[in-house]
2 protein chains.
Amino acid sequence: MSELPVDLVEQYLLALQNRICTAIESEESSGAFREDQWDYLGGDKNRSGGGKARVLEGGEVFEKAGVNFSCVTGSRLPASATAHRPQLAGRHFQAMGVSLVIHPNNPFVPTSHANVRLLIAYKEGEAPIWWFGGGYDLSPYYGFEEDCRHWHQTAKEACEPFGDDVYPRYKKWCDDYFFLKHRNEPRGIGGLFFDDLNQWPFERCFSFMQSVGDSYLDAYLPIVRRRKTLPYTDHHKQFQHYRRGRYVEFNLVYDRGTLFGLQSGGRTESILMSLPPQVRWDYNWEPEPGTDEARLYNEFLPPRDWLSC
Amino acid sequence: MSELPVDLVEQYLLALQNRICTAIESEESSGAFREDQWDYLGGDKNRSGGGKARVLEGGEVFEKAGVNFSCVTGSRLPASATAHRPQLAGRHFQAMGVSLVIHPNNPFVPTSHANVRLLIAYKEGEAPIWWFGGGYDLSPYYGFEEDCRHWHQTAKEACEPFGDDVYPRYKKWCDDYFFLKHRNEPRGIGGLFFDDLNQWPFERCFSFMQSVGDSYLDAYLPIVRRRKTLPYTDHHKQFQHYRRGRYVEFNLVYDRGTLFGLQSGGRTESILMSLPPQVRWDYNWEPEPGTDEARLYNEFLPPRDWLSC
């Protein structure tokens with residue numbers, strides 16, 4: 001269909017999925033990933049593809065960890081994929097990526113999300129239009145400055161070979177994107193978010209996507225190791241469940257990847273694997289001033305330059 | 001602003017809210033509603049209004065019950081309110097209604113939802129365009145034919161004075177509306193759903209809305225009384241939490257009232273009061289064949305004519 005090195009991207013993504021699952025399992029003491037291979041079985045004859053959904057549930061360290069690979073082709077690119085380029089909506093397309101969400105058990109370990117992806121839109125008689133997207137972001141329940149600085153420092157180092165302006169740009173995009181308008185509240189402390197990346201040659205864009213994908217474990221695992229054995233009480237757990245509600249609200253109301261998946265005939269169970277295992281909603285709850293819960297809202301969630309201090 | 005008897009509608013709605021809260025409290029053994037009065041405080045100078053949010057949390061019978069009254073005016077009718085009449089989008093509007101969701105503790109008592117509302121779109125030099133909407137629907141966790149038949153029988157009787165075709169039409173609309181496309185699954189066993197109601201004179205439409213509003217307690221309370229003391233286990237409770245996930249998915253991805261509220265600068269905590277208190281998502285879970293959980297999917301959720309048997 002094209003002379004783009006799509007196979008290399010697919011190989012990278014499959015290897016990344018393996019690497020991340022192995023590393024997550026090595027932090028877990030009582031659980032392993034199981035895999036579901038799935039093929040697109042929807043009604044659209046012009047659509048095909050599938051994926052490998054891997055999930056670890058009920059672990060001692062990870063309450064739910066989902067690491068998905070998917071590769072689908074379709075006859076009409078959904079609107080959610082082309083928010084910035086409406087002229088591409090309706091084209092034949094190919095989309096491949098790895099997407100993951102890790103929900104740890106211990107409320108002192110943040111939830112993390114990462115995604116890297118390649119999209120290609122085809123039109124007969126024209127060169128295919130391709131773009132990369134991805135990033136990662138962190139949602140702590142209890143804030144630790146050390147963790148936030150480490151997360152952002154790793155993100156910055158992944159961007160540095162590609163220019164000094166890359167980290168600040170994608171850090172800001174992440175802050176802007178993972179924002180719950182109806183709460184006037186950021187989802188977490190951010191990280192990186194990029195989309196529509198095609199301003200460099202294909203090889204360099206692919207290389208940037210790899211740099212982001214490769215750095216995710218370096219960003220997250222040290223935080224997991226540092227916090228996973230901290231003692232916690234039911235009070236901390238309840239707050240974690242409450243805050244997970246914001247994760248659900250964001251993913252179902254705003255997230256482009258979730259909407260793209262549901263609109264493009266993706267596999268619902270793989271897409272909604274991102275949702276937390278246990279969640280609660282309490283009416284009009286607010287943290288007591290001066291508590292660690294209030295500190296999350298006041299000191300950690302408002303967008304900050306984590307690397308200036 | 002108009003000679004429509006809007007005050008009478010408002011009085012009816014406030015009285016309905018009182019009546020429902022009193023009746024719900026009379027079934028509860030350990031809890032009462034608390035009320036938050038709120039005023040619109042958003043940035044839009046052309047918008048005003050407010051509401052009375054009433055919530056009962058942590059009761060013995062009702063884990064979370066929210067019964068809201070709201071009345072807002074705004075300068076631009078949101079798109080979600082005018083799916084069928086895009087020409088009205090952007091008009092000055094007034095919206096008032098009562099909306100409620102009851103999440104019982106006992107998994108053998110279904111969750112119920114009801115809503116009645118009036119919308120008016122204004123344009124200078126033209127007669128205001130008004131329409132009523134509303135309905136109620138039931139989401140059981142464990143199916144009881146007797147309950148479903150009673151629910152639909154009451155709905156049918158509320159519609160009968162307005163024509164024999166009214167119940168079948170709004171019963172089907174309810175089945176069509178409360179449907180999770182990404183799951184290919186109905187949210188519950190339906191009831192009534194109507195919108196854009198202005199085909200009769202204002203008085204008759206208002207009267208129909210009252211008939212629906214007035215019949216909600218007759219439809220729901222007998223079911224609550226019959227099931228609220230049935231013994232249940234943690235197994236039943238876990239399934240209730242799992243199925244509540246579908247409620248969250250529907251409300252955040254599809255529900256017009258939720259989207260209208262969030263888009264029209266409504267009070268987020270009042271709008272999301274509909275979300276269940278405790279929820280869980282399990283990856284790729286399916287009920288064991290032959291169990292009561294499987295019966296819900298196979299015998300109760302698929303749309304049925306509950307009154308023919």
# chains A, B, ... in the order shown; residues from 1 in each chain; ligands from 1
call {"tool": "closest_atom_pairs", "arguments": {"of": "chain B", "to": "chain A", "cutoff": "8 Å", "atoms": "only C-alpha atoms", "output": "Markdown table"}}
result
| residue | atom | partner | partner_atom | distance |
| --- | --- | --- | --- | --- |
| B:Val55 | CA | A:Tyr283 | CA | 7.7 |
| B:His182 | CA | A:Leu262 | CA | 6.2 |
| B:Arg183 | CA | A:Thr268 | CA | 6.9 |
| B:Glu249 | CA | A:Leu252 | CA | 6.9 |
| B:Leu252 | CA | A:Val253 | CA | 5.8 |
| B:Val253 | CA | A:Leu252 | CA | 5.7 |
| B:Leu262 | CA | A:His182 | CA | 6.2 |
| B:Thr268 | CA | A:His182 | CA | 6.2 |
| B:Glu269 | CA | A:Asn284 | CA | 5.7 |
| B:Met273 | CA | A:Tyr283 | CA | 6.1 |
| B:Leu275 | CA | A:Trp281 | CA | 6.6 |
| B:Pro276 | CA | A:Trp281 | CA | 6.4 |
| B:Pro277 | CA | A:Trp281 | CA | 4.8 |
| B:Gln278 | CA | A:Arg280 | CA | 4.4 |
| B:Val279 | CA | A:Val279 | CA | 5.1 |
| B:Arg280 | CA | A:Gln278 | CA | 4.4 |
| B:Trp281 | CA | A:Pro277 | CA | 4.8 |
| B:Asp282 | CA | A:Pro277 | CA | 6.2 |
| B:Tyr283 | CA | A:Met273 | CA | 6.1 |
| B:Asn284 | CA | A:Glu269 | CA | 5.7 |
call {"tool": "select_by_dssp", "arguments": {"residues": "segment 131-184 of chain B", "states": "alpha helix (DSSP H)", "output": "list of chain:residue names"}}
result
B:Glu145, B:Glu146, B:Asp147, B:Cys148, B:Arg149, B:His150, B:Trp151, B:His152, B:Gln153, B:Thr154, B:Ala155, B:Lys156, B:Glu157, B:Ala158, B:Cys159, B:Val166, B:Tyr167, B:Pro168, B:Arg169, B:Tyr170, B:Lys171, B:Lys172, B:Trp173, B:Cys174, B:Asp175, B:Asp176, B:Tyr177
call {"tool": "residues_around", "arguments": {"residues": "Gly50 of chain A", "least_positions_apart": "3", "cutoff": "12 Å", "atoms": "only C-alpha atoms", "output": "list in words"}}
result
Asp36, Gln37, Trp38, Asp39, Tyr40, Leu41, Gly42, Arg47, Ala53, Asn68, Phe69, Ser70, Cys71, Val72, Thr73, Gly74, Gln94, Ala95, Met96, Gly97, Gly261, Ser264, Gly265, Gly266, Arg267 and Ser270 of chain A
call {"tool": "select_by_dssp", "arguments": {"residues": "segment 138-299 of chain B", "states": "strand (DSSP E)", "output": "ChimeraX atom specification"}}
result
/B:138-139,179-180,185-186,190-197,278-280
call {"tool": "residues_around", "arguments": {"residues": "segment 107-119 of chain A", "least_positions_apart": "2", "cutoff": "6 Å", "atoms": "only C-alpha atoms", "output": "PDB file with all heavy atoms, in the first residue's frame"}}
result
ATOM      1  N   GLN A  94      -4.825   3.550   8.094  1.00  0.00           N
ATOM      2  CA  GLN A  94      -4.219   2.506   8.908  1.00  0.00           C
ATOM      3  C   GLN A  94      -3.774   3.163  10.217  1.00  0.00           C
ATOM      4  O   GLN A  94      -3.240   4.279  10.201  1.00  0.00           O
ATOM      5  CB  GLN A  94      -3.016   1.910   8.170  1.00  0.00           C
ATOM      6  CG  GLN A  94      -2.330   0.788   8.933  1.00  0.00           C
ATOM      7  CD  GLN A  94      -1.289   0.046   8.084  1.00  0.00           C
ATOM      8  OE1 GLN A  94      -0.743   0.614   7.134  1.00  0.00           O
ATOM      9  NE2 GLN A  94      -1.033  -1.196   8.422  1.00  0.00           N
ATOM     10  N   ALA A  95      -4.012   2.475  11.315  1.00  0.00           N
ATOM     11  CA  ALA A  95      -3.621   3.012  12.618  1.00  0.00           C
ATOM     12  C   ALA A  95      -2.974   1.898  13.412  1.00  0.00           C
ATOM     13  O   ALA A  95      -3.503   0.793  13.485  1.00  0.00           O
ATOM     14  CB  ALA A  95      -4.849   3.536  13.366  1.00  0.00           C
ATOM     15  N   MET A  96      -1.809   2.176  13.988  1.00  0.00           N
ATOM     16  CA  MET A  96      -1.187   1.167  14.857  1.00  0.00           C
ATOM     17  C   MET A  96      -0.571   1.862  16.054  1.00  0.00           C
ATOM     18  O   MET A  96      -0.098   2.995  15.956  1.00  0.00           O
ATOM     19  CB  MET A  96      -0.141   0.344  14.101  1.00  0.00           C
ATOM     20  CG  MET A  96       0.997   1.128  13.507  1.00  0.00           C
ATOM     21  SD  MET A  96       2.235  -0.004  12.800  1.00  0.00           S
ATOM     22  CE  MET A  96       1.337  -0.588  11.360  1.00  0.00           C
ATOM     23  N   GLY A  97      -0.614   1.160  17.164  1.00  0.00           N
ATOM     24  CA  GLY A  97      -0.064   1.788  18.356  1.00  0.00           C
ATOM     25  C   GLY A  97      -0.010   0.856  19.540  1.00  0.00           C
ATOM     26  O   GLY A  97      -0.542  -0.257  19.517  1.00  0.00           O
ATOM     27  N   VAL A  98       0.688   1.335  20.559  1.00  0.00           N
ATOM     28  CA  VAL A  98       0.683   0.687  21.864  1.00  0.00           C
ATOM     29  C   VAL A  98       0.101   1.694  22.838  1.00  0.00           C
ATOM     30  O   VAL A  98       0.459   2.884  22.799  1.00  0.00           O
ATOM     31  CB  VAL A  98       2.095   0.261  22.309  1.00  0.00           C
ATOM     32  CG1 VAL A  98       2.129  -0.060  23.808  1.00  0.00           C
ATOM     33  CG2 VAL A  98       2.565  -0.948  21.513  1.00  0.00           C
ATOM     34  N   SER A  99      -0.817   1.239  23.661  1.00  0.00           N
ATOM     35  CA  SER A  99      -1.474   2.106  24.615  1.00  0.00           C
ATOM     36  C   SER A  99      -1.540   1.372  25.945  1.00  0.00           C
ATOM     37  O   SER A  99      -1.845   0.176  25.973  1.00  0.00           O
ATOM     38  CB  SER A  99      -2.881   2.403  24.112  1.00  0.00           C
ATOM     39  OG  SER A  99      -3.511   3.291  24.992  1.00  0.00           O
ATOM     40  N   LEU A 100      -1.230   2.057  27.017  1.00  0.00           N
ATOM     41  CA  LEU A 100      -1.239   1.373  28.303  1.00  0.00           C
ATOM     42  C   LEU A 100      -1.723   2.278  29.413  1.00  0.00           C
ATOM     43  O   LEU A 100      -1.544   3.506  29.370  1.00  0.00           O
ATOM     44  CB  LEU A 100       0.165   0.849  28.638  1.00  0.00           C
ATOM     45  CG  LEU A 100       1.255   1.886  28.902  1.00  0.00           C
ATOM     46  CD1 LEU A 100       1.352   2.210  30.395  1.00  0.00           C
ATOM     47  CD2 LEU A 100       2.592   1.354  28.412  1.00  0.00           C
ATOM     48  N   VAL A 101      -2.359   1.677  30.395  1.00  0.00           N
ATOM     49  CA  VAL A 101      -2.713   2.356  31.643  1.00  0.00           C
ATOM     50  C   VAL A 101      -2.403   1.404  32.790  1.00  0.00           C
ATOM     51  O   VAL A 101      -2.781   0.230  32.742  1.00  0.00           O
ATOM     52  CB  VAL A 101      -4.199   2.757  31.685  1.00  0.00           C
ATOM     53  CG1 VAL A 101      -4.543   3.388  33.031  1.00  0.00           C
ATOM     54  CG2 VAL A 101      -4.531   3.739  30.581  1.00  0.00           C
ATOM     55  N   ILE A 102      -1.706   1.918  33.794  1.00  0.00           N
ATOM     56  CA  ILE A 102      -1.322   1.104  34.955  1.00  0.00           C
ATOM     57  C   ILE A 102      -1.985   1.681  36.202  1.00  0.00           C
ATOM     58  O   ILE A 102      -1.701   2.827  36.572  1.00  0.00           O
ATOM     59  CB  ILE A 102       0.219   1.095  35.149  1.00  0.00           C
ATOM     60  CG1 ILE A 102       0.963   0.837  33.828  1.00  0.00           C
ATOM     61  CG2 ILE A 102       0.616   0.091  36.245  1.00  0.00           C
ATOM     62  CD1 ILE A 102       0.878  -0.541  33.276  1.00  0.00           C
ATOM     63  N   HIS A 103      -2.860   0.894  36.818  1.00  0.00           N
ATOM     64  CA  HIS A 103      -3.514   1.305  38.070  1.00  0.00           C
ATOM     65  C   HIS A 103      -2.926   0.498  39.227  1.00  0.00           C
ATOM     66  O   HIS A 103      -3.272  -0.664  39.414  1.00  0.00           O
ATOM     67  CB  HIS A 103      -5.021   1.045  38.002  1.00  0.00           C
ATOM     68  CG  HIS A 103      -5.746   1.912  37.029  1.00  0.00           C
ATOM     69  ND1 HIS A 103      -5.929   3.262  37.246  1.00  0.00           N
ATOM     70  CD2 HIS A 103      -6.333   1.653  35.843  1.00  0.00           C
ATOM     71  CE1 HIS A 103      -6.610   3.777  36.227  1.00  0.00           C
ATOM     72  NE2 HIS A 103      -6.861   2.834  35.361  1.00  0.00           N
ATOM     73  N   TRP A 130       0.943  10.678   6.612  1.00  0.00           N
ATOM     74  CA  TRP A 130       1.194   9.930   7.850  1.00  0.00           C
ATOM     75  C   TRP A 130       1.481  10.917   8.973  1.00  0.00           C
ATOM     76  O   TRP A 130       1.905  12.044   8.737  1.00  0.00           O
ATOM     77  CB  TRP A 130       2.398   8.975   7.667  1.00  0.00           C
ATOM     78  CG  TRP A 130       3.634   9.693   7.150  1.00  0.00           C
ATOM     79  CD1 TRP A 130       4.028   9.798   5.845  1.00  0.00           C
ATOM     80  CD2 TRP A 130       4.577  10.439   7.938  1.00  0.00           C
ATOM     81  NE1 TRP A 130       5.169  10.564   5.751  1.00  0.00           N
ATOM     82  CE2 TRP A 130       5.532  10.965   7.021  1.00  0.00           C
ATOM     83  CE3 TRP A 130       4.723  10.708   9.283  1.00  0.00           C
ATOM     84  CZ2 TRP A 130       6.612  11.737   7.438  1.00  0.00           C
ATOM     85  CZ3 TRP A 130       5.794  11.495   9.710  1.00  0.00           C
ATOM     86  CH2 TRP A 130       6.724  11.996   8.783  1.00  0.00           C
ATOM     87  N   TRP A 131       1.224  10.486  10.168  1.00  0.00           N
ATOM     88  CA  TRP A 131       1.622  11.273  11.332  1.00  0.00           C
ATOM     89  C   TRP A 131       1.742  10.375  12.569  1.00  0.00           C
ATOM     90  O   TRP A 131       1.066   9.361  12.686  1.00  0.00           O
ATOM     91  CB  TRP A 131       0.682  12.445  11.589  1.00  0.00           C
ATOM     92  CG  TRP A 131      -0.723  12.112  11.984  1.00  0.00           C
ATOM     93  CD1 TRP A 131      -1.245  12.119  13.239  1.00  0.00           C
ATOM     94  CD2 TRP A 131      -1.811  11.762  11.110  1.00  0.00           C
ATOM     95  NE1 TRP A 131      -2.577  11.793  13.213  1.00  0.00           N
ATOM     96  CE2 TRP A 131      -2.955  11.565  11.921  1.00  0.00           C
ATOM     97  CE3 TRP A 131      -1.938  11.601   9.731  1.00  0.00           C
ATOM     98  CZ2 TRP A 131      -4.203  11.208  11.393  1.00  0.00           C
ATOM     99  CZ3 TRP A 131      -3.173  11.239   9.209  1.00  0.00           C
ATOM    100  CH2 TRP A 131      -4.277  11.050  10.037  1.00  0.00           C
ATOM    101  N   PHE A 132       2.647  10.790  13.440  1.00  0.00           N
ATOM    102  CA  PHE A 132       2.853  10.081  14.700  1.00  0.00           C
ATOM    103  C   PHE A 132       2.199  10.853  15.845  1.00  0.00           C
ATOM    104  O   PHE A 132       2.017  12.071  15.759  1.00  0.00           O
ATOM    105  CB  PHE A 132       4.351   9.941  15.012  1.00  0.00           C
ATOM    106  CG  PHE A 132       5.078   8.981  14.110  1.00  0.00           C
ATOM    107  CD1 PHE A 132       5.663   9.412  12.915  1.00  0.00           C
ATOM    108  CD2 PHE A 132       5.181   7.635  14.457  1.00  0.00           C
ATOM    109  CE1 PHE A 132       6.340   8.527  12.083  1.00  0.00           C
ATOM    110  CE2 PHE A 132       5.855   6.736  13.629  1.00  0.00           C
ATOM    111  CZ  PHE A 132       6.437   7.184  12.442  1.00  0.00           C
ATOM    112  N   GLY A 133       1.900  10.120  16.889  1.00  0.00           N
ATOM    113  CA  GLY A 133       1.376  10.759  18.090  1.00  0.00           C
ATOM    114  C   GLY A 133       1.748   9.938  19.305  1.00  0.00           C
ATOM    115  O   GLY A 133       2.208   8.795  19.189  1.00  0.00           O
ATOM    116  N   GLY A 134       1.557  10.507  20.469  1.00  0.00           N
ATOM    117  CA  GLY A 134       1.832   9.734  21.684  1.00  0.00           C
ATOM    118  C   GLY A 134       2.132  10.603  22.874  1.00  0.00           C
ATOM    119  O   GLY A 134       1.798  11.787  22.915  1.00  0.00           O
ATOM    120  N   GLY A 135       2.799   9.975  23.841  1.00  0.00           N
ATOM    121  CA  GLY A 135       3.167  10.681  25.062  1.00  0.00           C
ATOM    122  C   GLY A 135       2.883   9.838  26.290  1.00  0.00           C
ATOM    123  O   GLY A 135       2.503   8.667  26.184  1.00  0.00           O
ATOM    124  N   TYR A 136       3.125  10.454  27.435  1.00  0.00           N
ATOM    125  CA  TYR A 136       2.759   9.794  28.699  1.00  0.00           C
ATOM    126  C   TYR A 136       2.471  10.825  29.766  1.00  0.00           C
ATOM    127  O   TYR A 136       2.978  11.940  29.719  1.00  0.00           O
ATOM    128  CB  TYR A 136       3.803   8.773  29.157  1.00  0.00           C
ATOM    129  CG  TYR A 136       5.275   9.152  29.115  1.00  0.00           C
ATOM    130  CD1 TYR A 136       5.811  10.106  29.979  1.00  0.00           C
ATOM    131  CD2 TYR A 136       6.135   8.491  28.232  1.00  0.00           C
ATOM    132  CE1 TYR A 136       7.160  10.390  29.957  1.00  0.00           C
ATOM    133  CE2 TYR A 136       7.494   8.781  28.201  1.00  0.00           C
ATOM    134  CZ  TYR A 136       8.005   9.730  29.073  1.00  0.00           C
ATOM    135  OH  TYR A 136       9.338  10.021  29.053  1.00  0.00           O
ATOM    136  N   ASP A 137       1.596  10.445  30.679  1.00  0.00           N
ATOM    137  CA  ASP A 137       1.228  11.378  31.753  1.00  0.00           C
ATOM    138  C   ASP A 137       0.981  10.606  33.043  1.00  0.00           C
ATOM    139  O   ASP A 137       0.670   9.416  33.013  1.00  0.00           O
ATOM    140  CB  ASP A 137      -0.015  12.175  31.362  1.00  0.00           C
ATOM    141  CG  ASP A 137      -1.233  11.299  31.243  1.00  0.00           C
ATOM    142  OD1 ASP A 137      -1.336  10.555  30.247  1.00  0.00           O
ATOM    143  OD2 ASP A 137      -2.074  11.309  32.159  1.00  0.00           O
ATOM    144  N   LEU A 138       1.149  11.315  34.145  1.00  0.00           N
ATOM    145  CA  LEU A 138       1.137  10.692  35.468  1.00  0.00           C
ATOM    146  C   LEU A 138       0.005  11.267  36.318  1.00  0.00           C
ATOM    147  O   LEU A 138      -0.176  12.480  36.355  1.00  0.00           O
ATOM    148  CB  LEU A 138       2.481  10.979  36.154  1.00  0.00           C
ATOM    149  CG  LEU A 138       2.843  10.162  37.392  1.00  0.00           C
ATOM    150  CD1 LEU A 138       3.187   8.725  36.983  1.00  0.00           C
ATOM    151  CD2 LEU A 138       4.033  10.790  38.118  1.00  0.00           C
ATOM    152  N   SER A 139      -0.734  10.393  36.998  1.00  0.00           N
ATOM    153  CA  SER A 139      -1.832  10.841  37.867  1.00  0.00           C
ATOM    154  C   SER A 139      -1.600  10.358  39.295  1.00  0.00           C
ATOM    155  O   SER A 139      -2.044   9.278  39.677  1.00  0.00           O
ATOM    156  CB  SER A 139      -3.177  10.291  37.365  1.00  0.00           C
ATOM    157  OG  SER A 139      -3.436  10.750  36.063  1.00  0.00           O
ATOM    158  N   PRO A 140      -0.907  11.170  40.091  1.00  0.00           N
ATOM    159  CA  PRO A 140      -0.704  10.778  41.492  1.00  0.00           C
ATOM    160  C   PRO A 140      -1.982  10.987  42.301  1.00  0.00           C
ATOM    161  O   PRO A 140      -2.802  11.840  41.980  1.00  0.00           O
ATOM    162  CB  PRO A 140       0.390  11.728  41.982  1.00  0.00           C
ATOM    163  CG  PRO A 140       0.562  12.773  40.947  1.00  0.00           C
ATOM    164  CD  PRO A 140      -0.280  12.447  39.756  1.00  0.00           C
ATOM    165  N   TYR A 142      -1.383  10.939  45.843  1.00  0.00           N
ATOM    166  CA  TYR A 142      -0.667  11.718  46.856  1.00  0.00           C
ATOM    167  C   TYR A 142       0.615  12.223  46.210  1.00  0.00           C
ATOM    168  O   TYR A 142       1.293  11.472  45.510  1.00  0.00           O
ATOM    169  CB  TYR A 142      -0.380  10.851  48.085  1.00  0.00           C
ATOM    170  CG  TYR A 142      -1.649  10.543  48.830  1.00  0.00           C
ATOM    171  CD1 TYR A 142      -2.390   9.401  48.554  1.00  0.00           C
ATOM    172  CD2 TYR A 142      -2.142  11.450  49.772  1.00  0.00           C
ATOM    173  CE1 TYR A 142      -3.599   9.153  49.208  1.00  0.00           C
ATOM    174  CE2 TYR A 142      -3.344  11.207  50.427  1.00  0.00           C
ATOM    175  CZ  TYR A 142      -4.064  10.060  50.144  1.00  0.00           C
ATOM    176  OH  TYR A 142      -5.248   9.846  50.789  1.00  0.00           O
ATOM    177  N   VAL A 224       7.453   3.590  41.030  1.00  0.00           N
ATOM    178  CA  VAL A 224       6.775   2.390  41.554  1.00  0.00           C
ATOM    179  C   VAL A 224       7.609   1.773  42.674  1.00  0.00           C
ATOM    180  O   VAL A 224       7.097   1.471  43.763  1.00  0.00           O
ATOM    181  CB  VAL A 224       6.557   1.359  40.429  1.00  0.00           C
ATOM    182  CG1 VAL A 224       6.012   0.046  40.998  1.00  0.00           C
ATOM    183  CG2 VAL A 224       5.629   1.909  39.349  1.00  0.00           C
ATOM    184  N   ARG A 227       7.604   3.701  46.059  1.00  0.00           N
ATOM    185  CA  ARG A 227       6.349   3.908  46.806  1.00  0.00           C
ATOM    186  C   ARG A 227       5.540   2.644  47.052  1.00  0.00           C
ATOM    187  O   ARG A 227       4.612   2.674  47.867  1.00  0.00           O
ATOM    188  CB  ARG A 227       5.443   4.895  46.037  1.00  0.00           C
ATOM    189  CG  ARG A 227       6.099   6.209  45.620  1.00  0.00           C
ATOM    190  CD  ARG A 227       6.520   7.051  46.801  1.00  0.00           C
ATOM    191  NE  ARG A 227       7.396   8.143  46.358  1.00  0.00           N
ATOM    192  CZ  ARG A 227       8.245   8.768  47.158  1.00  0.00           C
ATOM    193  NH1 ARG A 227       8.351   8.428  48.444  1.00  0.00           N
ATOM    194  NH2 ARG A 227       9.025   9.726  46.692  1.00  0.00           N
ATOM    195  N   LYS A 237      -6.945   4.701  50.571  1.00  0.00           N
ATOM    196  CA  LYS A 237      -7.533   3.890  49.500  1.00  0.00           C
ATOM    197  C   LYS A 237      -8.840   4.529  48.996  1.00  0.00           C
ATOM    198  O   LYS A 237      -9.111   4.556  47.806  1.00  0.00           O
ATOM    199  CB  LYS A 237      -7.780   2.482  50.061  1.00  0.00           C
ATOM    200  CG  LYS A 237      -7.953   1.402  49.033  1.00  0.00           C
ATOM    201  CD  LYS A 237      -6.692   1.052  48.272  1.00  0.00           C
ATOM    202  CE  LYS A 237      -7.008   0.136  47.111  1.00  0.00           C
ATOM    203  NZ  LYS A 237      -5.967   0.149  46.068  1.00  0.00           N
ATOM    204  N   GLN A 240      -8.017   7.347  46.776  1.00  0.00           N
ATOM    205  CA  GLN A 240      -7.593   6.824  45.474  1.00  0.00           C
ATOM    206  C   GLN A 240      -8.820   6.452  44.627  1.00  0.00           C
ATOM    207  O   GLN A 240      -8.911   6.821  43.452  1.00  0.00           O
ATOM    208  CB  GLN A 240      -6.714   5.587  45.686  1.00  0.00           C
ATOM    209  CG  GLN A 240      -6.208   4.955  44.401  1.00  0.00           C
ATOM    210  CD  GLN A 240      -5.706   3.528  44.652  1.00  0.00           C
ATOM    211  OE1 GLN A 240      -6.421   2.710  45.253  1.00  0.00           O
ATOM    212  NE2 GLN A 240      -4.493   3.245  44.209  1.00  0.00           N
TER     213      GLN A 240
END
call {"tool": "closest_residue", "arguments": {"among": "B:Phe162, B:Tyr167, B:Tyr177, B:Phe206", "to": "Glu10 of chain B", "atoms": "only C-alpha atoms"}}
result
B:Phe206
call {"tool": "closest_residue", "arguments": {"among": "B:Lys156, B:Gly51, B:Pro231, B:Arg85", "to": "Leu13 of chain B", "atoms": "only C-alpha atoms"}}
result
B:Gly51
call {"tool": "residues_around", "arguments": {"residues": "segment 293-301 of chain A", "least_positions_apart": "2", "cutoff": "6 Å", "atoms": "only C-alpha atoms", "output": "number ranges by chain"}}
result
A: 143, 186, 188-189, 287, 289, 291
call {"tool": "residues_around", "arguments": {"residues": "Leu16 of chain A", "least_positions_apart": "4", "cutoff": "8 Å", "atoms": "only C-alpha atoms", "output": "list in words"}}
result
Tyr12, Ile20, Val98, Gly213 and Asp214 of chain A
